[in-house]
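Below is one structure, written out as structure tokens; comments come after it.
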Amino acid sequence: MEFELTEEQRELRHTVREFAEGEILPHVKEWDEQAGFPRELIGKLGSLGILGILVPEKYGGAGLGYVEQALAIQELARVDGSIALAVAAHSSLCSNHIFQSGTEPQRTRYLPELATGKKLGCWSLTEPEAGSDAGGTRTRAERRDDGWLINGTKTFTTNGSYADVCVAMAVTNPSLGHHGISAFIVERGTAGFRSGRKERKLGMCASDTAETIFEDCRIPADNLLGEEGRGFFDCLHVLDKGRISIAAMSVGIAQGAYEAALQYAQQRRQFGRAIAEFEGIQWKLADMATEMEAARLLTHQAARMKDAGLPITKEASMAKLFASEMAVRVVGEALQIHGGYGFLKDYPVEKFYRDVKLCTIGEGTSEIQRLVIARHLLHSDV
Ligand SMILES: Cc1cc2nc3c(=O)[nH]c(=O)nc-3n(C[C@H](O)[C@H](O)[C@H](O)COP(=O)(O)OP(=O)(O)OC[C@H]3O[C@@H](n4cnc5c(N)ncnc54)[C@H](O)[C@@H]3O)c2cc1C
């Protein structure tokens, strides 16, 4: 019983679950094996309103909140983490950054097509030399005539090969450190902007991860997103909110693996009885369910606080840290319950096991979450 959810929120969760089981589940194995991003699914997710949950109605979205966003991501991840990741990058990072920092013309121009899935978004912060230390960004944006000239290479961009709209961070004043980084909107088709190497990955294989490359890429002055020099700080706010989605993704992946293990434990017989009858297996299931519940509550608490307009930096990091590490543990136990069969590609737990590790890395590693949390503990009233 999740007493904290409204009737509408339960309905939304049910709708996304039905969609995930009907439209995604039958293809999970094929997309994973072919490492193929199902671009066509984005339109369907858009039609269902999943891509615009956080976008206000005046910009073509559903105008809902972070609890709804978390529920949707959770349900997608329960079936396929890759799709949840693609949606999180599109909506929680790209669209959200445009909504958070964009001018009215930028919001009107980009958000309706992103919210309805007519266009796919990506968000390029990470670089070869700037991962956890995003302040080390080297991609350069220089003022030219009435616009900007961008040069540099971004790595690890989710949806990077397919996105129509890319929000990218670049240095506009190298002498100002964190205050010299700005954000830009770059559209596919702009001369000098292209996708680079598509990464081959351990998991999340159906989610596209690629370089985005800027070579003398000229964009209009209007494509500066937010104030010049505020890009780094705006990114921190975007990431605070994005971490709710990664926490939700972790809960969803754990839930999918747990359900598979619960079912398997009741079917698999050894020593003349179902393995679920052994206390050793029951304790695992009990710990898994308890840990998932704790992570879900932390995630929903951060989401509800965000919806109430409260600061969430610490809470979002706690939710992301706990939920992602919980998910790695729970999926590991789910595989263990499957014994040797969990090691085979015939069972879904093998894929959950490969996918889940991303949760402790993307949008700030566990170590970085601990830094963020500790900073709050040491430097603010708690
Ligand atoms: C599948 C996938 C999708 C991604 N999608 C996107 C995306 O859409 N957009 C985007 O911009 N990026 C994306 N990323 C990048 C991701 O955010 C980075 O990988 C992550 O922030 C870590 O950066 P790094 O890989 O360079 O690791 P590094 O920063 O090099 O870290 C290496 C290790 O050192 C640790 N470390 C670093 N600094 C400290 C410190 N101060 N204290 C303690 N430990 C520390 C880290 O925790 C880690 O364990 C994606 C990554 C993956 C794998």
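Going by the structure tokens order, chains are called A, B, ..., each with residues numbered from 1, while ligands are numbered from 1 in the order shown.
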* Go through the chains and note each residue within 7 Å of ligand 1, using only C-alpha atoms and all ligand atoms, then give the set as a PyMOL selection string. => chain A and resi 89+122-126+128-133+155-158+204+209+358+361-368+371
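Residue neighbourhood of region 136-138 of chain A, excluding near-sequence residues (fewer than 5 positions): A:Leu125, A:Thr126, A:Glu127, A:Pro128, A:Glu129, A:Ala130, A:Gly131, A:Asn151, A:Gly152, A:Thr153, A:Lys154, A:Met169, A:Ala170, A:Val171, A:Thr172, A:Pro174, A:Gly177, A:His178, A:Gly180, A:Ile181, A:Phe232, at 10 Å, using only C-alpha atoms.
Among the candidates A:Leu149, A:Leu64, A:Val372, A:Leu285, the residue lying nearest to Gln336 (chain A) is A:Leu285 (atoms considered: only C-alpha atoms).
Interatomic distance, CA of Pro26 (chain A) to CA of Pro348 (chain A): 11.9 Å.
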List every residue of region 49-120 of chain A that DSSP, applied to the backbone of this structure, assigns to alpha helix (DSSP H), and report them as a PDB file with N, CA, C and O atoms, in the first residue's frame.
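selection_4.pdb, freshly written:
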```pdb
ATOM      1  N   TYR A  66       7.228  16.121  -9.846  1.00  0.00           N
ATOM      2  CA  TYR A  66       8.334  15.164  -9.763  1.00  0.00           C
ATOM      3  C   TYR A  66       7.891  13.802  -9.235  1.00  0.00           C
ATOM      4  O   TYR A  66       8.535  12.788  -9.532  1.00  0.00           O
ATOM      5  N   VAL A  67       6.822  13.771  -8.454  1.00  0.00           N
ATOM      6  CA  VAL A  67       6.325  12.457  -8.013  1.00  0.00           C
ATOM      7  C   VAL A  67       5.863  11.680  -9.247  1.00  0.00           C
ATOM      8  O   VAL A  67       6.201  10.511  -9.425  1.00  0.00           O
ATOM      9  N   GLU A  68       5.133  12.365 -10.132  1.00  0.00           N
ATOM     10  CA  GLU A  68       4.641  11.707 -11.348  1.00  0.00           C
ATOM     11  C   GLU A  68       5.823  11.302 -12.246  1.00  0.00           C
ATOM     12  O   GLU A  68       5.839  10.214 -12.815  1.00  0.00           O
ATOM     13  N   GLN A  69       6.814  12.204 -12.338  1.00  0.00           N
ATOM     14  CA  GLN A  69       7.994  11.888 -13.156  1.00  0.00           C
ATOM     15  C   GLN A  69       8.687  10.640 -12.598  1.00  0.00           C
ATOM     16  O   GLN A  69       9.064   9.729 -13.343  1.00  0.00           O
ATOM     17  N   ALA A  70       8.836  10.596 -11.276  1.00  0.00           N
ATOM     18  CA  ALA A  70       9.513   9.451 -10.651  1.00  0.00           C
ATOM     19  C   ALA A  70       8.726   8.165 -10.899  1.00  0.00           C
ATOM     20  O   ALA A  70       9.303   7.119 -11.217  1.00  0.00           O
ATOM     21  N   LEU A  71       7.397   8.241 -10.804  1.00  0.00           N
ATOM     22  CA  LEU A  71       6.583   7.039 -11.018  1.00  0.00           C
ATOM     23  C   LEU A  71       6.736   6.520 -12.449  1.00  0.00           C
ATOM     24  O   LEU A  71       6.861   5.314 -12.674  1.00  0.00           O
ATOM     25  N   ALA A  72       6.751   7.449 -13.405  1.00  0.00           N
ATOM     26  CA  ALA A  72       6.861   7.038 -14.808  1.00  0.00           C
ATOM     27  C   ALA A  72       8.224   6.400 -15.077  1.00  0.00           C
ATOM     28  O   ALA A  72       8.318   5.329 -15.700  1.00  0.00           O
ATOM     29  N   ILE A  73       9.282   7.038 -14.599  1.00  0.00           N
ATOM     30  CA  ILE A  73      10.640   6.508 -14.823  1.00  0.00           C
ATOM     31  C   ILE A  73      10.773   5.126 -14.160  1.00  0.00           C
ATOM     32  O   ILE A  73      11.343   4.188 -14.729  1.00  0.00           O
ATOM     33  N   GLN A  74      10.217   5.022 -12.949  1.00  0.00           N
ATOM     34  CA  GLN A  74      10.262   3.760 -12.209  1.00  0.00           C
ATOM     35  C   GLN A  74       9.600   2.624 -13.010  1.00  0.00           C
ATOM     36  O   GLN A  74      10.143   1.535 -13.115  1.00  0.00           O
ATOM     37  N   GLU A  75       8.438   2.914 -13.569  1.00  0.00           N
ATOM     38  CA  GLU A  75       7.710   1.884 -14.315  1.00  0.00           C
ATOM     39  C   GLU A  75       8.439   1.493 -15.601  1.00  0.00           C
ATOM     40  O   GLU A  75       8.437   0.326 -15.981  1.00  0.00           O
ATOM     41  N   LEU A  76       9.042   2.464 -16.274  1.00  0.00           N
ATOM     42  CA  LEU A  76       9.795   2.136 -17.486  1.00  0.00           C
ATOM     43  C   LEU A  76      10.999   1.275 -17.121  1.00  0.00           C
ATOM     44  O   LEU A  76      11.302   0.275 -17.771  1.00  0.00           O
ATOM     45  N   ALA A  77      11.702   1.676 -16.032  1.00  0.00           N
ATOM     46  CA  ALA A  77      12.921   0.958 -15.631  1.00  0.00           C
ATOM     47  C   ALA A  77      12.602  -0.447 -15.146  1.00  0.00           C
ATOM     48  O   ALA A  77      13.421  -1.355 -15.288  1.00  0.00           O
ATOM     49  N   ARG A  78      11.424  -0.649 -14.585  1.00  0.00           N
ATOM     50  CA  ARG A  78      11.016  -1.984 -14.120  1.00  0.00           C
ATOM     51  C   ARG A  78      11.031  -2.982 -15.285  1.00  0.00           C
ATOM     52  O   ARG A  78      11.254  -4.164 -15.113  1.00  0.00           O
ATOM     53  N   VAL A  79      10.823  -2.446 -16.491  1.00  0.00           N
ATOM     54  CA  VAL A  79      10.809  -3.296 -17.679  1.00  0.00           C
ATOM     55  C   VAL A  79      12.111  -3.160 -18.473  1.00  0.00           C
ATOM     56  O   VAL A  79      12.700  -4.145 -18.903  1.00  0.00           O
ATOM     57  N   GLY A  81      15.634  -0.599 -18.295  1.00  0.00           N
ATOM     58  CA  GLY A  81      16.411   0.546 -17.819  1.00  0.00           C
ATOM     59  C   GLY A  81      16.853   1.465 -18.948  1.00  0.00           C
ATOM     60  O   GLY A  81      16.946   2.683 -18.775  1.00  0.00           O
ATOM     61  N   SER A  82      17.142   0.880 -20.116  1.00  0.00           N
ATOM     62  CA  SER A  82      17.627   1.690 -21.241  1.00  0.00           C
ATOM     63  C   SER A  82      16.604   2.744 -21.659  1.00  0.00           C
ATOM     64  O   SER A  82      16.961   3.888 -21.965  1.00  0.00           O
ATOM     65  N   ILE A  83      15.340   2.339 -21.690  1.00  0.00           N
ATOM     66  CA  ILE A  83      14.305   3.283 -22.114  1.00  0.00           C
ATOM     67  C   ILE A  83      14.128   4.354 -21.035  1.00  0.00           C
ATOM     68  O   ILE A  83      13.981   5.548 -21.337  1.00  0.00           O
ATOM     69  N   ALA A  84      14.181   3.915 -19.778  1.00  0.00           N
ATOM     70  CA  ALA A  84      14.070   4.888 -18.683  1.00  0.00           C
ATOM     71  C   ALA A  84      15.207   5.898 -18.756  1.00  0.00           C
ATOM     72  O   ALA A  84      15.000   7.101 -18.544  1.00  0.00           O
ATOM     73  N   LEU A  85      16.403   5.423 -19.092  1.00  0.00           N
ATOM     74  CA  LEU A  85      17.565   6.321 -19.178  1.00  0.00           C
ATOM     75  C   LEU A  85      17.396   7.335 -20.320  1.00  0.00           C
ATOM     76  O   LEU A  85      17.672   8.528 -20.157  1.00  0.00           O
ATOM     77  N   ALA A  86      16.930   6.835 -21.465  1.00  0.00           N
ATOM     78  CA  ALA A  86      16.727   7.734 -22.614  1.00  0.00           C
ATOM     79  C   ALA A  86      15.698   8.811 -22.267  1.00  0.00           C
ATOM     80  O   ALA A  86      15.876   9.991 -22.584  1.00  0.00           O
ATOM     81  N   VAL A  87      14.623   8.396 -21.589  1.00  0.00           N
ATOM     82  CA  VAL A  87      13.569   9.352 -21.215  1.00  0.00           C
ATOM     83  C   VAL A  87      14.093  10.335 -20.170  1.00  0.00           C
ATOM     84  O   VAL A  87      13.822  11.540 -20.238  1.00  0.00           O
ATOM     85  N   ASN A  96      14.228  19.946 -19.207  1.00  0.00           N
ATOM     86  CA  ASN A  96      14.191  20.632 -17.923  1.00  0.00           C
ATOM     87  C   ASN A  96      15.140  21.828 -17.868  1.00  0.00           C
ATOM     88  O   ASN A  96      14.829  22.869 -17.286  1.00  0.00           O
ATOM     89  N   HIS A  97      16.312  21.671 -18.493  1.00  0.00           N
ATOM     90  CA  HIS A  97      17.276  22.776 -18.522  1.00  0.00           C
ATOM     91  C   HIS A  97      16.691  23.943 -19.338  1.00  0.00           C
ATOM     92  O   HIS A  97      16.796  25.107 -18.939  1.00  0.00           O
ATOM     93  N   ILE A  98      16.034  23.596 -20.456  1.00  0.00           N
ATOM     94  CA  ILE A  98      15.435  24.654 -21.288  1.00  0.00           C
ATOM     95  C   ILE A  98      14.300  25.339 -20.519  1.00  0.00           C
ATOM     96  O   ILE A  98      14.186  26.570 -20.533  1.00  0.00           O
ATOM     97  N   PHE A  99      13.506  24.535 -19.805  1.00  0.00           N
ATOM     98  CA  PHE A  99      12.418  25.154 -19.028  1.00  0.00           C
ATOM     99  C   PHE A  99      12.985  25.990 -17.880  1.00  0.00           C
ATOM    100  O   PHE A  99      12.563  27.134 -17.659  1.00  0.00           O
ATOM    101  N   GLN A 100      13.960  25.438 -17.200  1.00  0.00           N
ATOM    102  CA  GLN A 100      14.517  26.114 -16.019  1.00  0.00           C
ATOM    103  C   GLN A 100      15.202  27.438 -16.381  1.00  0.00           C
ATOM    104  O   GLN A 100      14.997  28.458 -15.724  1.00  0.00           O
ATOM    105  N   SER A 101      16.013  27.434 -17.440  1.00  0.00           N
ATOM    106  CA  SER A 101      16.865  28.599 -17.720  1.00  0.00           C
ATOM    107  C   SER A 101      16.491  29.345 -18.988  1.00  0.00           C
ATOM    108  O   SER A 101      17.082  30.386 -19.272  1.00  0.00           O
ATOM    109  N   GLU A 104      11.441  33.040 -22.772  1.00  0.00           N
ATOM    110  CA  GLU A 104      10.105  32.654 -23.237  1.00  0.00           C
ATOM    111  C   GLU A 104      10.162  32.154 -24.695  1.00  0.00           C
ATOM    112  O   GLU A 104       9.591  31.098 -25.003  1.00  0.00           O
ATOM    113  N   PRO A 105      10.845  32.887 -25.614  1.00  0.00           N
ATOM    114  CA  PRO A 105      10.914  32.360 -26.994  1.00  0.00           C
ATOM    115  C   PRO A 105      11.585  30.980 -27.068  1.00  0.00           C
ATOM    116  O   PRO A 105      11.171  30.134 -27.863  1.00  0.00           O
ATOM    117  N   GLN A 106      12.598  30.734 -26.238  1.00  0.00           N
ATOM    118  CA  GLN A 106      13.249  29.409 -26.267  1.00  0.00           C
ATOM    119  C   GLN A 106      12.294  28.328 -25.770  1.00  0.00           C
ATOM    120  O   GLN A 106      12.188  27.252 -26.343  1.00  0.00           O
ATOM    121  N   ARG A 107      11.561  28.642 -24.703  1.00  0.00           N
ATOM    122  CA  ARG A 107      10.605  27.654 -24.178  1.00  0.00           C
ATOM    123  C   ARG A 107       9.540  27.343 -25.235  1.00  0.00           C
ATOM    124  O   ARG A 107       9.193  26.191 -25.458  1.00  0.00           O
ATOM    125  N   THR A 108       9.044  28.398 -25.865  1.00  0.00           N
ATOM    126  CA  THR A 108       7.973  28.207 -26.850  1.00  0.00           C
ATOM    127  C   THR A 108       8.478  27.463 -28.076  1.00  0.00           C
ATOM    128  O   THR A 108       7.767  26.673 -28.672  1.00  0.00           O
ATOM    129  N   ARG A 109       9.721  27.722 -28.431  1.00  0.00           N
ATOM    130  CA  ARG A 109      10.257  27.098 -29.632  1.00  0.00           C
ATOM    131  C   ARG A 109      10.565  25.607 -29.427  1.00  0.00           C
ATOM    132  O   ARG A 109      10.310  24.794 -30.310  1.00  0.00           O
ATOM    133  N   TYR A 110      11.143  25.270 -28.268  1.00  0.00           N
ATOM    134  CA  TYR A 110      11.634  23.898 -28.115  1.00  0.00           C
ATOM    135  C   TYR A 110      10.733  22.968 -27.301  1.00  0.00           C
ATOM    136  O   TYR A 110      10.653  21.774 -27.585  1.00  0.00           O
ATOM    137  N   LEU A 111      10.119  23.486 -26.238  1.00  0.00           N
ATOM    138  CA  LEU A 111       9.443  22.564 -25.311  1.00  0.00           C
ATOM    139  C   LEU A 111       8.263  21.792 -25.915  1.00  0.00           C
ATOM    140  O   LEU A 111       8.136  20.589 -25.664  1.00  0.00           O
ATOM    141  N   PRO A 112       7.384  22.423 -26.718  1.00  0.00           N
ATOM    142  CA  PRO A 112       6.252  21.641 -27.233  1.00  0.00           C
ATOM    143  C   PRO A 112       6.694  20.417 -28.035  1.00  0.00           C
ATOM    144  O   PRO A 112       6.129  19.333 -27.862  1.00  0.00           O
ATOM    145  N   GLU A 113       7.700  20.571 -28.887  1.00  0.00           N
ATOM    146  CA  GLU A 113       8.131  19.418 -29.697  1.00  0.00           C
ATOM    147  C   GLU A 113       8.868  18.377 -28.859  1.00  0.00           C
ATOM    148  O   GLU A 113       8.814  17.177 -29.151  1.00  0.00           O
ATOM    149  N   LEU A 114       9.556  18.829 -27.821  1.00  0.00           N
ATOM    150  CA  LEU A 114      10.230  17.869 -26.936  1.00  0.00           C
ATOM    151  C   LEU A 114       9.210  17.137 -26.070  1.00  0.00           C
ATOM    152  O   LEU A 114       9.290  15.923 -25.867  1.00  0.00           O
ATOM    153  N   ALA A 115       8.222  17.883 -25.574  1.00  0.00           N
ATOM    154  CA  ALA A 115       7.224  17.289 -24.667  1.00  0.00           C
ATOM    155  C   ALA A 115       6.361  16.253 -25.371  1.00  0.00           C
ATOM    156  O   ALA A 115       5.875  15.311 -24.738  1.00  0.00           O
TER     157      ALA A 115
END
```
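Remark: for Gly340 (chain A), the closest of the candidate residues A:Lys44, A:His27, A:Arg268, A:Arg197 is A:Arg268 (distances computed over only C-alpha atoms).
Closest to Ala323 (chain A) among A:His300, A:His338, A:Lys284, A:His179 is A:His300, based on only C-alpha atoms.
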* Would you mind writing down, as JSON, numbers by chain, each residue of region 45-239 of chain A that DSSP on the backbone assigns to strand (DSSP E)? => {"A": [121, 122, 123, 124, 140, 141, 142, 143, 144, 147, 148, 149, 150, 151, 152, 153, 154, 155, 156, 157, 158, 165, 166, 167, 168, 169, 170, 171, 181, 182, 183, 184, 185, 186, 187, 193, 194, 195, 196, 197, 198, 209, 210, 211, 212, 213, 214, 215, 216, 217, 218, 219, 220, 224, 225]}
Write out, as a Markdown table, each residue of region 262-306 of chain A that has an atom at most 10 Å from region 4-19 of chain A, together with the closest pair of atoms and their distance in Å to one decimal, counting only C-alpha atoms, rows going by chain and rising number.
```
| residue | atom | partner | partner_atom | distance |
| --- | --- | --- | --- | --- |
| A:Leu297 | CA | A:Glu4 | CA | 9.4 |
| A:His300 | CA | A:Glu4 | CA | 8.8 |
| A:Gln301 | CA | A:Glu4 | CA | 9.9 |
| A:Arg304 | CA | A:Glu4 | CA | 9.9 |
```
* Close residues, Leu321 (chain A) itself excluded, 9 Å, only C-alpha atoms, min 2 positions apart in chain, as JSON, numbers by chain -> {"A": [247, 316, 317, 318, 319, 323, 324, 325, 326, 359, 360, 365, 366, 367, 369, 370]}
Can you write out the residues you just picked, keeping N, CA and C atoms, as a PDB file, in the first residue's frame?
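What follows is the written file selection-v2.pdb:
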```
ATOM      1  N   ALA A 247      17.296   8.082  -9.161  1.00  0.00           N
ATOM      2  CA  ALA A 247      16.864   7.316  -7.988  1.00  0.00           C
ATOM      3  C   ALA A 247      15.644   6.466  -8.359  1.00  0.00           C
ATOM      4  N   ALA A 316      17.967  14.982  -2.783  1.00  0.00           N
ATOM      5  CA  ALA A 316      18.062  14.300  -4.078  1.00  0.00           C
ATOM      6  C   ALA A 316      19.332  13.457  -4.129  1.00  0.00           C
ATOM      7  N   SER A 317      20.418  13.984  -3.555  1.00  0.00           N
ATOM      8  CA  SER A 317      21.663  13.205  -3.541  1.00  0.00           C
ATOM      9  C   SER A 317      21.525  11.977  -2.649  1.00  0.00           C
ATOM     10  N   MET A 318      20.855  12.140  -1.507  1.00  0.00           N
ATOM     11  CA  MET A 318      20.649  10.986  -0.613  1.00  0.00           C
ATOM     12  C   MET A 318      19.805   9.923  -1.308  1.00  0.00           C
ATOM     13  N   ALA A 319      18.758  10.371  -1.967  1.00  0.00           N
ATOM     14  CA  ALA A 319      17.874   9.417  -2.667  1.00  0.00           C
ATOM     15  C   ALA A 319      18.650   8.700  -3.756  1.00  0.00           C
ATOM     16  N   ALA A 323      19.355   4.806  -3.336  1.00  0.00           N
ATOM     17  CA  ALA A 323      18.577   3.988  -4.276  1.00  0.00           C
ATOM     18  C   ALA A 323      19.490   3.258  -5.255  1.00  0.00           C
ATOM     19  N   SER A 324      20.531   3.933  -5.749  1.00  0.00           N
ATOM     20  CA  SER A 324      21.392   3.278  -6.741  1.00  0.00           C
ATOM     21  C   SER A 324      22.212   2.162  -6.098  1.00  0.00           C
ATOM     22  N   GLU A 325      22.724   2.393  -4.893  1.00  0.00           N
ATOM     23  CA  GLU A 325      23.523   1.345  -4.246  1.00  0.00           C
ATOM     24  C   GLU A 325      22.610   0.198  -3.787  1.00  0.00           C
ATOM     25  N   MET A 326      21.415   0.550  -3.344  1.00  0.00           N
ATOM     26  CA  MET A 326      20.415  -0.470  -3.000  1.00  0.00           C
ATOM     27  C   MET A 326      20.128  -1.347  -4.224  1.00  0.00           C
ATOM     28  N   CYS A 359      23.483   3.177 -12.583  1.00  0.00           N
ATOM     29  CA  CYS A 359      22.792   4.051 -11.622  1.00  0.00           C
ATOM     30  C   CYS A 359      23.751   4.656 -10.589  1.00  0.00           C
ATOM     31  N   THR A 360      24.840   3.959 -10.273  1.00  0.00           N
ATOM     32  CA  THR A 360      25.790   4.506  -9.298  1.00  0.00           C
ATOM     33  C   THR A 360      26.821   5.424  -9.961  1.00  0.00           C
ATOM     34  N   THR A 365      28.604  10.251  -9.609  1.00  0.00           N
ATOM     35  CA  THR A 365      28.878   8.938  -9.008  1.00  0.00           C
ATOM     36  C   THR A 365      28.466   8.936  -7.531  1.00  0.00           C
ATOM     37  N   SER A 366      28.473   7.749  -6.935  1.00  0.00           N
ATOM     38  CA  SER A 366      28.158   7.638  -5.505  1.00  0.00           C
ATOM     39  C   SER A 366      29.119   8.487  -4.676  1.00  0.00           C
ATOM     40  N   GLU A 367      30.374   8.515  -5.103  1.00  0.00           N
ATOM     41  CA  GLU A 367      31.370   9.304  -4.348  1.00  0.00           C
ATOM     42  C   GLU A 367      30.998  10.785  -4.387  1.00  0.00           C
ATOM     43  N   GLN A 369      27.981  12.000  -4.822  1.00  0.00           N
ATOM     44  CA  GLN A 369      26.772  12.210  -3.987  1.00  0.00           C
ATOM     45  C   GLN A 369      27.189  12.362  -2.518  1.00  0.00           C
ATOM     46  N   ARG A 370      28.158  11.532  -2.093  1.00  0.00           N
ATOM     47  CA  ARG A 370      28.598  11.630  -0.690  1.00  0.00           C
ATOM     48  C   ARG A 370      29.256  12.987  -0.425  1.00  0.00           C
TER      49      ARG A 370
END
```
* Close residues, region 31-41 of chain A itself excluded, 7 Å, only C-alpha atoms, min 6 positions apart in chain, as a ChimeraX atom specification -> /A:205-208
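Relative to CA of Lys320 (chain A), CA of Arg243 (chain A) is found at 5.7 Å.
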